[in-house]
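Next up, run.csv (CSV, C-alpha atoms and all ligand atoms):
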```csv
chain,number,residue,atom,x,y,z
A,5,MET,CA,-16.7,-6.3,7.4
A,6,THR,CA,-16.4,-3.8,10.2
A,7,GLN,CA,-13.2,-4.3,12.0
A,8,PRO,CA,-13.1,-4.0,15.8
A,9,PRO,CA,-11.0,-1.3,17.5
A,10,ILE,CA,-7.5,-2.2,18.8
A,11,PRO,CA,-8.2,-3.2,22.4
A,12,ALA,CA,-6.2,-2.2,25.5
A,13,ALA,CA,-3.3,-4.5,26.4
A,14,VAL,CA,-0.2,-4.5,28.7
A,15,LEU,CA,3.4,-4.7,27.5
A,16,PRO,CA,4.8,-6.8,25.9
A,17,ILE,CA,2.5,-6.4,23.0
A,18,VAL,CA,2.7,-7.9,19.5
A,19,ALA,CA,0.7,-6.6,16.5
A,20,ARG,CA,0.8,-7.6,12.8
A,21,ALA,CA,-0.3,-5.7,9.7
A,22,PRO,CA,-0.6,-6.6,6.1
A,23,GLY,CA,1.2,-5.2,3.0
A,24,LYS,CA,-0.8,-3.8,0.1
A,25,CYS,CA,-1.0,-3.9,-3.7
A,26,ILE,CA,-2.3,-0.9,-5.7
A,27,LEU,CA,-4.5,-1.9,-8.7
A,28,PHE,CA,-5.4,1.5,-10.0
A,29,GLY,CA,-4.5,5.1,-9.4
A,30,GLU,CA,-1.1,5.3,-7.7
A,31,HIS,CA,0.5,8.7,-7.9
A,32,ALA,CA,-2.7,10.4,-9.0
A,33,VAL,CA,-4.2,9.5,-5.6
A,34,VAL,CA,-1.6,11.9,-4.0
A,35,ARG,CA,-3.4,14.7,-5.9
A,36,GLY,CA,-6.9,13.5,-4.7
A,37,GLN,CA,-7.8,11.2,-7.6
A,38,PRO,CA,-9.4,7.8,-7.1
A,39,GLU,CA,-7.3,4.7,-6.2
A,40,VAL,CA,-8.2,1.0,-5.9
A,41,LEU,CA,-6.0,-1.3,-3.8
A,42,LEU,CA,-6.1,-4.4,-1.6
A,43,ALA,CA,-4.3,-5.4,1.5
A,44,ILE,CA,-2.3,-8.6,0.7
A,45,ASP,CA,-1.7,-11.6,2.8
A,46,LEU,CA,2.0,-10.9,3.5
A,47,TYR,CA,2.5,-9.4,7.0
A,48,THR,CA,4.9,-7.4,9.2
A,49,GLN,CA,4.8,-8.3,12.9
A,50,VAL,CA,6.0,-5.7,15.5
A,51,ALA,CA,6.6,-6.5,19.1
A,52,ILE,CA,7.2,-3.9,21.8
A,53,ARG,CA,8.4,-4.5,25.3
A,54,PRO,CA,9.8,-2.3,28.1
A,55,SER,CA,13.6,-1.8,27.9
A,56,PRO,CA,16.3,0.1,29.7
A,57,GLU,CA,17.1,1.9,26.4
A,58,TRP,CA,15.6,2.1,22.9
A,59,ARG,CA,16.4,-1.0,20.8
A,60,LEU,CA,15.4,-2.1,17.3
A,61,ASN,CA,15.8,-5.8,16.7
A,62,GLY,CA,18.1,-6.2,19.7
A,63,HIS,CA,20.4,-3.3,18.8
A,64,ILE,CA,20.7,0.3,20.1
A,65,GLY,CA,22.4,1.8,17.0
A,66,PRO,CA,19.7,1.5,14.3
A,67,VAL,CA,17.0,3.4,16.4
A,68,ALA,CA,18.4,6.9,15.7
A,69,GLY,CA,18.6,6.4,11.9
A,70,HIS,CA,15.2,4.7,11.4
A,71,ARG,CA,13.0,7.6,10.2
A,72,TYR,CA,9.7,5.7,10.5
A,73,LEU,CA,10.4,4.7,14.1
A,74,GLN,CA,11.6,8.2,14.9
A,75,ALA,CA,8.5,9.7,13.4
A,76,ALA,CA,6.3,7.2,15.3
A,77,ILE,CA,8.0,8.0,18.6
A,78,HIS,CA,7.6,11.7,18.0
A,79,GLU,CA,3.9,11.4,17.2
A,80,LEU,CA,2.8,8.8,19.7
A,81,TRP,CA,5.4,8.0,22.4
A,82,SER,CA,7.3,11.3,23.0
A,83,ASN,CA,7.1,11.2,26.8
A,84,GLY,CA,7.2,7.4,27.0
A,85,THR,CA,9.9,5.2,28.4
A,86,PRO,CA,12.2,3.3,26.1
A,87,LEU,CA,11.0,0.3,24.2
A,88,ASP,CA,12.6,-2.7,22.7
A,89,VAL,CA,11.0,-3.0,19.2
A,90,THR,CA,11.3,-6.3,17.3
A,91,VAL,CA,10.2,-6.5,13.7
A,92,VAL,CA,9.7,-9.6,11.6
A,93,SER,CA,8.5,-9.0,8.0
A,94,ARG,CA,7.6,-11.1,5.0
A,95,ILE,CA,7.1,-8.0,2.9
A,96,PRO,CA,10.2,-7.2,0.8
A,97,LYS,CA,11.4,-3.7,1.7
A,98,ALA,CA,11.2,-0.9,-0.9
A,99,SER,CA,9.2,-3.3,-3.2
A,100,GLY,CA,6.0,-1.3,-3.6
A,101,MET,CA,4.2,-3.7,-1.3
A,102,GLY,CA,3.7,-1.4,1.6
A,103,SER,CA,6.4,-2.6,4.0
A,104,SER,CA,6.8,0.8,5.7
A,105,ALA,CA,3.0,1.3,6.1
A,106,ALA,CA,2.7,-2.2,7.6
A,107,PHE,CA,5.6,-1.5,10.0
A,108,VAL,CA,4.1,1.8,11.2
A,109,ALA,CA,0.6,0.3,11.5
A,110,GLY,CA,1.9,-2.6,13.6
A,111,LEU,CA,3.9,-0.3,15.8
A,112,ALA,CA,1.2,2.3,16.2
A,113,ALA,CA,-1.4,-0.4,17.0
A,114,ALA,CA,0.8,-1.9,19.6
A,115,ILE,CA,1.4,1.6,21.2
A,116,GLY,CA,-2.3,2.3,20.9
A,117,ALA,CA,-3.0,-0.9,22.8
A,118,ALA,CA,-0.5,0.1,25.5
A,119,GLN,CA,-2.2,3.4,25.8
A,120,GLY,CA,-5.7,2.0,26.5
A,121,GLY,CA,-6.8,1.0,23.0
A,122,VAL,CA,-7.5,2.9,19.8
A,123,ASP,CA,-10.2,2.9,17.1
A,124,ARG,CA,-9.2,2.4,13.5
A,125,ALA,CA,-10.3,5.8,12.1
A,126,ARG,CA,-7.9,7.5,14.7
A,127,LEU,CA,-5.2,4.9,13.9
A,128,ALA,CA,-5.6,5.6,10.2
A,129,GLN,CA,-4.9,9.3,10.7
A,130,GLN,CA,-2.0,8.6,13.1
A,131,VAL,CA,-0.3,6.1,10.9
A,132,PHE,CA,-0.6,8.3,7.8
A,133,THR,CA,0.7,11.3,9.7
A,134,ILE,CA,3.8,9.3,10.8
A,135,GLU,CA,4.4,7.9,7.3
A,136,ARG,CA,4.0,11.3,5.7
A,137,ASN,CA,6.3,12.9,8.2
A,138,ALA,CA,9.0,10.3,7.6
A,139,GLN,CA,8.5,10.3,3.8
A,140,GLY,CA,7.6,14.0,3.2
A,141,VAL,CA,4.9,13.1,0.6
A,142,GLY,CA,2.2,10.6,-0.1
A,143,SER,CA,-1.4,9.5,0.2
A,144,PRO,CA,-3.1,7.4,2.9
A,145,GLY,CA,-3.7,4.4,0.6
A,146,ASP,CA,-1.0,2.2,1.9
A,147,THR,CA,-1.6,3.0,5.6
A,148,SER,CA,-5.4,2.6,5.3
A,149,ALA,CA,-4.9,-0.9,3.7
A,150,ALA,CA,-2.6,-1.9,6.5
A,151,ILE,CA,-5.3,-0.9,9.0
A,152,ALA,CA,-8.5,-2.0,7.3
A,153,GLY,CA,-7.5,-5.1,5.3
A,154,GLY,CA,-9.5,-6.3,2.3
A,155,TYR,CA,-10.2,-4.2,-0.8
A,156,LEU,CA,-10.4,-0.4,-0.6
A,157,THR,CA,-11.0,2.6,-2.7
A,158,LEU,CA,-10.0,6.2,-2.1
A,159,ASN,CA,-11.8,9.3,-3.4
A,160,THR,CA,-14.5,7.5,-5.4
A,161,GLU,CA,-18.2,8.2,-5.3
A,162,VAL,CA,-19.8,5.7,-7.6
A,163,ALA,CA,-22.7,3.3,-7.1
A,164,ALA,CA,-21.9,0.1,-5.2
A,165,VAL,CA,-19.3,1.8,-3.0
A,166,GLY,CA,-20.3,2.0,0.6
A,167,ASP,CA,-20.1,4.5,3.3
A,168,PRO,CA,-16.7,5.9,4.2
A,169,LEU,CA,-14.5,4.0,6.6
A,170,TRP,CA,-12.7,7.2,7.4
A,171,SER,CA,-11.3,10.4,6.0
A,172,VAL,CA,-7.7,11.3,6.5
A,173,LYS,CA,-6.0,14.6,6.1
A,174,ALA,CA,-2.6,16.3,5.6
A,175,ASP,CA,-2.0,20.0,5.1
A,176,GLU,CA,-4.8,21.2,2.8
A,177,SER,CA,-5.6,17.7,1.4
A,178,ARG,CA,-8.3,15.2,2.5
A,179,TRP,CA,-8.8,11.6,1.3
A,180,THR,CA,-11.9,9.5,1.8
A,181,VAL,CA,-11.5,5.7,2.2
A,182,ARG,CA,-14.2,3.2,1.5
A,183,ARG,CA,-14.4,-0.6,1.5
A,184,ILE,CA,-15.3,-2.4,-1.8
A,185,GLY,CA,-16.3,-6.0,-2.4
A,186,ASP,CA,-13.9,-8.8,-3.1
A,187,PRO,CA,-14.3,-10.1,-6.7
A,188,GLY,CA,-12.7,-13.4,-5.6
A,189,TRP,CA,-9.6,-13.3,-7.8
A,190,VAL,CA,-6.0,-14.4,-7.3
A,191,TRP,CA,-3.5,-11.7,-8.1
A,192,VAL,CA,0.2,-12.3,-8.9
A,193,VAL,CA,2.6,-9.7,-7.6
A,194,ALA,CA,6.2,-9.9,-8.6
A,195,TYR,CA,9.1,-8.0,-7.0
A,196,SER,CA,11.8,-7.0,-9.6
A,197,GLY,CA,14.6,-7.0,-7.0
A,198,LEU,CA,15.2,-3.4,-7.8
A,199,PRO,CA,14.4,-1.3,-4.7
A,200,LYS,CA,12.4,1.8,-5.4
A,201,ALA,CA,12.3,5.2,-3.6
A,202,THR,CA,8.8,6.5,-3.1
A,203,GLY,CA,9.6,10.2,-2.2
A,204,PRO,CA,11.7,11.1,-5.3
A,205,LYS,CA,9.2,9.4,-7.7
A,206,VAL,CA,6.2,11.0,-6.1
A,207,ARG,CA,7.9,14.4,-6.4
A,208,ALA,CA,8.9,13.9,-10.0
A,209,VAL,CA,5.4,12.8,-11.0
A,210,GLY,CA,4.0,15.7,-8.9
A,211,GLU,CA,5.9,18.1,-11.2
A,212,ARG,CA,4.3,16.5,-14.2
A,213,PHE,CA,0.9,16.8,-12.6
A,214,ALA,CA,1.6,20.5,-11.9
A,215,SER,CA,2.6,21.2,-15.5
A,216,ALA,CA,0.3,22.4,-18.3
A,217,GLU,CA,-0.6,18.8,-19.3
A,218,GLY,CA,-1.3,17.9,-15.6
A,219,PRO,CA,-5.1,18.3,-15.5
A,220,GLU,CA,-5.7,16.1,-18.6
A,221,LEU,CA,-3.3,13.5,-17.2
A,222,LEU,CA,-5.1,13.5,-13.8
A,223,GLU,CA,-8.4,13.1,-15.6
A,224,ARG,CA,-7.1,10.1,-17.5
A,225,PHE,CA,-5.8,8.5,-14.3
A,226,SER,CA,-9.2,9.1,-12.7
A,227,ASP,CA,-11.2,7.7,-15.6
A,228,VAL,CA,-9.2,4.5,-15.7
A,229,ALA,CA,-9.4,3.9,-11.9
A,230,THR,CA,-13.2,4.6,-11.9
A,231,ALA,CA,-13.7,2.2,-14.8
A,232,GLY,CA,-11.5,-0.4,-13.0
A,233,LEU,CA,-13.6,0.0,-9.9
A,234,ARG,CA,-16.8,-0.6,-11.9
A,235,ALA,CA,-15.3,-3.6,-13.8
A,236,MET,CA,-14.3,-5.2,-10.4
A,237,ALA,CA,-17.7,-4.6,-8.9
A,238,GLN,CA,-19.2,-6.5,-11.9
A,239,GLU,CA,-16.5,-9.2,-11.5
A,240,ASP,CA,-15.5,-8.6,-15.1
A,241,ALA,CA,-12.0,-10.0,-15.1
A,242,PRO,CA,-11.2,-9.4,-18.8
A,243,GLU,CA,-12.2,-5.7,-18.6
A,244,THR,CA,-10.3,-5.3,-15.4
A,245,GLY,CA,-7.2,-6.7,-17.1
A,246,ARG,CA,-7.6,-4.4,-20.1
A,247,LEU,CA,-7.8,-1.4,-17.7
A,248,LEU,CA,-4.7,-2.6,-15.8
A,249,ASP,CA,-2.9,-2.3,-19.2
A,250,GLU,CA,-4.4,1.1,-19.8
A,251,ASN,CA,-3.3,2.3,-16.4
A,252,GLN,CA,0.2,1.0,-17.2
A,253,GLU,CA,0.2,3.2,-20.4
A,254,LEU,CA,-0.3,6.2,-18.1
A,255,LEU,CA,2.4,5.1,-15.7
A,256,ARG,CA,4.8,4.9,-18.6
A,257,THR,CA,3.7,8.4,-19.7
A,258,VAL,CA,4.6,9.9,-16.3
A,259,GLY,CA,7.9,8.1,-16.3
A,260,VAL,CA,7.6,5.5,-13.5
A,261,SER,CA,8.2,2.3,-15.5
A,262,HIS,CA,11.7,0.8,-16.0
A,263,PRO,CA,13.2,-1.6,-18.6
A,264,ARG,CA,13.3,-4.3,-15.9
A,265,LEU,CA,9.6,-3.8,-15.1
A,266,GLU,CA,8.7,-3.8,-18.8
A,267,ALA,CA,10.6,-7.1,-19.2
A,268,LEU,CA,8.5,-8.5,-16.4
A,269,LEU,CA,5.3,-7.2,-18.0
A,270,ASP,CA,6.3,-8.9,-21.3
A,271,ALA,CA,7.0,-12.1,-19.5
A,272,ALA,CA,3.6,-12.0,-17.8
A,273,ARG,CA,1.6,-11.1,-20.9
A,274,PRO,CA,0.8,-14.7,-22.3
A,275,ALA,CA,-0.7,-15.8,-19.0
A,276,ALA,CA,-2.3,-12.6,-17.8
A,277,LEU,CA,-5.5,-10.6,-18.6
A,278,GLY,CA,-3.5,-7.5,-17.8
A,279,ALA,CA,-0.6,-6.2,-15.8
A,280,LYS,CA,1.0,-3.0,-14.6
A,281,VAL,CA,3.6,-1.5,-12.3
A,282,THR,CA,2.3,-1.3,-8.7
A,283,GLY,CA,3.4,1.4,-6.2
A,284,ALA,CA,5.7,4.2,-6.8
A,285,GLY,CA,7.6,2.5,-9.7
A,286,GLY,CA,11.0,3.1,-11.1
A,287,GLY,CA,11.7,-0.3,-9.5
A,288,GLY,CA,9.7,-2.3,-7.1
A,289,SER,CA,6.9,-4.6,-8.3
A,290,ILE,CA,4.4,-5.4,-10.9
A,291,VAL,CA,0.9,-6.8,-10.4
A,292,ALA,CA,-0.9,-9.1,-12.9
A,293,LEU,CA,-4.3,-10.6,-13.1
A,294,PRO,CA,-3.9,-14.2,-14.3
A,295,LYS,CA,-5.9,-15.7,-17.1
A,296,PRO,CA,-8.3,-18.2,-15.5
A,297,GLY,CA,-6.4,-21.5,-14.7
A,298,GLN,CA,-3.0,-19.9,-15.6
A,299,GLU,CA,-2.0,-18.7,-12.1
A,300,THR,CA,0.8,-21.2,-11.7
A,301,ASP,CA,2.0,-20.6,-15.3
A,302,LEU,CA,2.1,-16.9,-14.6
A,303,VAL,CA,4.1,-17.3,-11.4
A,304,ARG,CA,6.5,-19.6,-13.2
A,305,ARG,CA,7.0,-17.2,-16.1
A,306,LEU,CA,7.8,-14.3,-13.7
A,307,ALA,CA,10.2,-16.4,-11.7
A,308,ARG,CA,12.0,-17.5,-14.9
A,309,ALA,CA,12.2,-13.8,-15.8
A,310,GLY,CA,14.1,-13.2,-12.6
A,311,ALA,CA,11.4,-11.8,-10.4
A,312,VAL,CA,10.2,-12.9,-6.9
A,313,PRO,CA,6.5,-13.7,-7.6
A,314,PHE,CA,3.7,-14.3,-5.1
A,315,ALA,CA,0.2,-15.5,-5.8
A,316,THR,CA,-1.8,-13.5,-3.4
A,317,GLY,CA,-5.3,-12.5,-2.3
A,318,PRO,CA,-6.8,-10.0,0.1
A,319,ALA,CA,-5.7,-10.1,3.7
A,320,ALA,CA,-9.1,-10.5,5.5
A,321,HIS,CA,-8.1,-8.4,8.5
A,322,GLY,CA,-6.2,-5.2,8.9
A,323,VAL,CA,-3.7,-4.7,11.7
A,324,GLU,CA,-4.5,-6.7,14.9
A,325,LEU,CA,-2.9,-7.8,18.1
A,326,VAL,CA,-1.4,-11.2,18.0
B,401,LIG,O1,5.6,2.2,-3.7
B,401,LIG,P1,4.8,2.5,-2.5
B,401,LIG,O2,4.4,1.3,-1.7
B,401,LIG,O3,5.5,3.5,-1.7
B,401,LIG,O4,3.4,3.2,-3.0
B,401,LIG,C1,3.4,4.5,-3.4
B,401,LIG,C2,2.0,4.9,-4.0
B,401,LIG,C3,2.0,6.3,-4.4
B,401,LIG,O5,0.7,6.6,-4.9
B,401,LIG,C4,3.0,6.5,-5.5
B,401,LIG,C5,2.3,7.3,-3.3
B,401,LIG,C6,1.2,7.3,-2.2
B,401,LIG,O6,1.5,7.5,-1.1
B,401,LIG,O7,0.0,7.1,-2.5
```

Could you express the structure from this file as structure tokens?
Ligand code: PMV
Amino acid sequence: MTQPPIPAAVLPIVARAPGKCILFGEHAVVRGQPEVLLAIDLYTQVAIRPSPEWRLNGHIGPVAGHRYLQAAIHELWSNGTPLDVTVVSRIPKASGMGSSAAFVAGLAAAIGAAQGGVDRARLAQQVFTIERNAQGVGSPGDTSAAIAGGYLTLNTEVAAVGDPLWSVKADESRWTVRRIGDPGWVWVVAYSGLPKATGPKVRAVGERFASAEGPELLERFSDVATAGLRAMAQEDAPETGRLLDENQELLRTVGVSHPRLEALLDAARPAALGAKVTGAGGGGSIVALPKPGQETDLVRRLARAGAVPFATGPAAHGVELV
């Protein structure tokens, strides 16, 4: 599934990009370890049009305080004329489902189109740079999912994984992004309603990884993500579920679970092969792999436990013009 570049277009331009769900390896990916994730079929749509002054969703005020918009203007549109930016999103904010990456991907693709078109490898670097400048920390997993769509893995070199889509860098670090096959499963993602803050969590976990126990912890994260990738390649759902639980153990160990998230994991358990926190944690969402035929039951259980659940599958396409 090679995705075409973003073509040239004239303003007004509308682009939409998918959110994401991390299955294995969040946090450790920031330190160059493997990650497995998918773009999910919830989208953010961004429209840009010429305007006498900068506007965001019709208002002048919010532009100055929007760090992602500011970082994008700085990176891609610093000498440009003002734009009216309109955002419509079905991805809950600060939920761990990649709303900021989808916003920046949509905006950068629209700007790229206005500037004569842009290929996806270049866009992947631009969007990651913008997100990292706005957030201060992070890996290019979320931004790559918004640009590529489908299932992806970062930093893995195992059989059955194809050629790199792109490599993305920041400071001294480099991540390699590859596409992996779709095992054909439905996932249930459930937002706890507790917003999470990525930067502080990534910094706190980073300190853990930098401590004496760091190397061993990172190796355990890497092993579970690599085993998860293999289980998915073999379409082995029970083993994938078991590994989701194992990854959750590690996330607990590094302190990114939360009683509210644990309550959701408990609620999911009878109808799930496995479940874990997804994203930065401390709030945000969980992801669960339903037992065959129990997708609806799982959604119901999570809704009864007070979450906002979605049954979801891979977004076939990454960011595209609408
Ligand atoms: O919660 P989110 O959507 O910001 O995901 C963060 C994933 C981390 O691995 C914790 C950070 C990153 O940029 O990879």

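For the set A:Leu306, A:Glu243, A:Thr180, A:Thr202, the residue with the smallest atom-to-atom gap to A:Arg273 is A:Leu306, counting only C-alpha atoms.
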
Sorted by chain and rising residue number, which residues of chain A lie within 8 Å of ligand LIG 401 (chain B), and what are their closest atom pairs and distances in Å to one decimal, counting all atoms listed in the file, as a Markdown table?
```
| residue | atom | partner | partner_atom | distance |
| --- | --- | --- | --- | --- |
| A:Lys24 | CA | B:LIG401 | O2 | 7.5 |
| A:Cys25 | CA | B:LIG401 | O2 | 7.8 |
| A:Ile26 | CA | B:LIG401 | C2 | 7.4 |
| A:Gly29 | CA | B:LIG401 | O5 | 7.0 |
| A:Glu30 | CA | B:LIG401 | O5 | 3.6 |
| A:His31 | CA | B:LIG401 | O5 | 3.7 |
| A:Ala32 | CA | B:LIG401 | O5 | 6.5 |
| A:Val33 | CA | B:LIG401 | O5 | 5.7 |
| A:Val34 | CA | B:LIG401 | O7 | 5.3 |
| A:Ala98 | CA | B:LIG401 | O1 | 7.0 |
| A:Ser99 | CA | B:LIG401 | O1 | 6.6 |
| A:Gly100 | CA | B:LIG401 | O1 | 3.5 |
| A:Met101 | CA | B:LIG401 | O2 | 5.0 |
| A:Gly102 | CA | B:LIG401 | O2 | 4.3 |
| A:Ser103 | CA | B:LIG401 | O2 | 7.2 |
| A:Ser104 | CA | B:LIG401 | O2 | 7.8 |
| A:Ala105 | CA | B:LIG401 | O2 | 7.9 |
| A:Val141 | CA | B:LIG401 | O6 | 6.8 |
| A:Gly142 | CA | B:LIG401 | O6 | 3.3 |
| A:Ser143 | CA | B:LIG401 | O6 | 3.8 |
| A:Pro144 | CA | B:LIG401 | O6 | 6.1 |
| A:Gly145 | CA | B:LIG401 | O7 | 5.5 |
| A:Asp146 | CA | B:LIG401 | O2 | 6.6 |
| A:Lys200 | CA | B:LIG401 | O1 | 7.0 |
| A:Ala201 | CA | B:LIG401 | O3 | 7.3 |
| A:Thr202 | CA | B:LIG401 | O3 | 4.7 |
| A:Gly203 | CA | B:LIG401 | O3 | 7.9 |
| A:Lys205 | CA | B:LIG401 | C4 | 7.2 |
| A:Val206 | CA | B:LIG401 | C4 | 5.6 |
| A:Thr282 | CA | B:LIG401 | O1 | 6.9 |
| A:Gly283 | CA | B:LIG401 | O1 | 3.4 |
| A:Ala284 | CA | B:LIG401 | O1 | 3.7 |
| A:Gly285 | CA | B:LIG401 | O1 | 6.3 |
| A:Gly288 | CA | B:LIG401 | O1 | 7.0 |
```

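Minimum distance to A:Gln298 across A:Ala315, A:Leu27, A:Ala208, A:Ala152 (counting only C-alpha atoms) occurs at A:Ala315.
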
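Distance check against A:Ala128 using all atoms listed in the file: of A:Gly154, A:Pro9, A:Gly259, A:Pro296, the minimum falls on A:Pro9.
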
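Between atom CA of A:Pro11 and atom CA of A:Ser55 the interatomic distance comes to 22.5 Å.
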
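For the pair atom CA of A:Ala113 and atom CA of A:Gly84, the interatomic distance is 15.3 Å.
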
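The environment of A:Glu79 within 10 Å, counting all atoms listed in the file and disregarding residues fewer than 6 places along the same chain, consists of Leu73, Ala112, Gln130, Val131, Thr133, Ile134 and Asn137 of chain A.
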
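Between atom CA of A:Val91 and atom CA of A:Gly65 there is a distance of 15.1 Å.
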
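Distances to A:Pro313 were evaluated for A:Glu299, A:Gln7, A:Val193, A:Ala138 using only C-alpha atoms, and the minimum falls at A:Val193.
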
Discussion item. So, with only C-alpha atoms as the atoms that count, which of A:Ala194, A:Val165, A:Leu111, A:Leu293 lies closest to A:Ile151?
Written reply: A:Leu111

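With all atoms listed in the file as the atoms that count, the minimum distance from A:Arg264 to the choices A:Tyr155, A:Ser289, A:Pro16, A:Asp240 is reached by A:Ser289.
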
Worksheet item: Excluding same-chain residues fewer than 2 positions from A:Ala319, what lies within 6 Å of it counting only C-alpha atoms, as an MDAnalysis selection string?
Response: chainID A and resid 43:45 153:154 321

Discussion item. Could you list, as a PyMOL selection string, every residue within 10 Å of A:Glu239, counting only C-alpha atoms and ignoring same-chain residues fewer than 2 positions away?
Written reply: chain A and resi 185-189+233-237+241-244
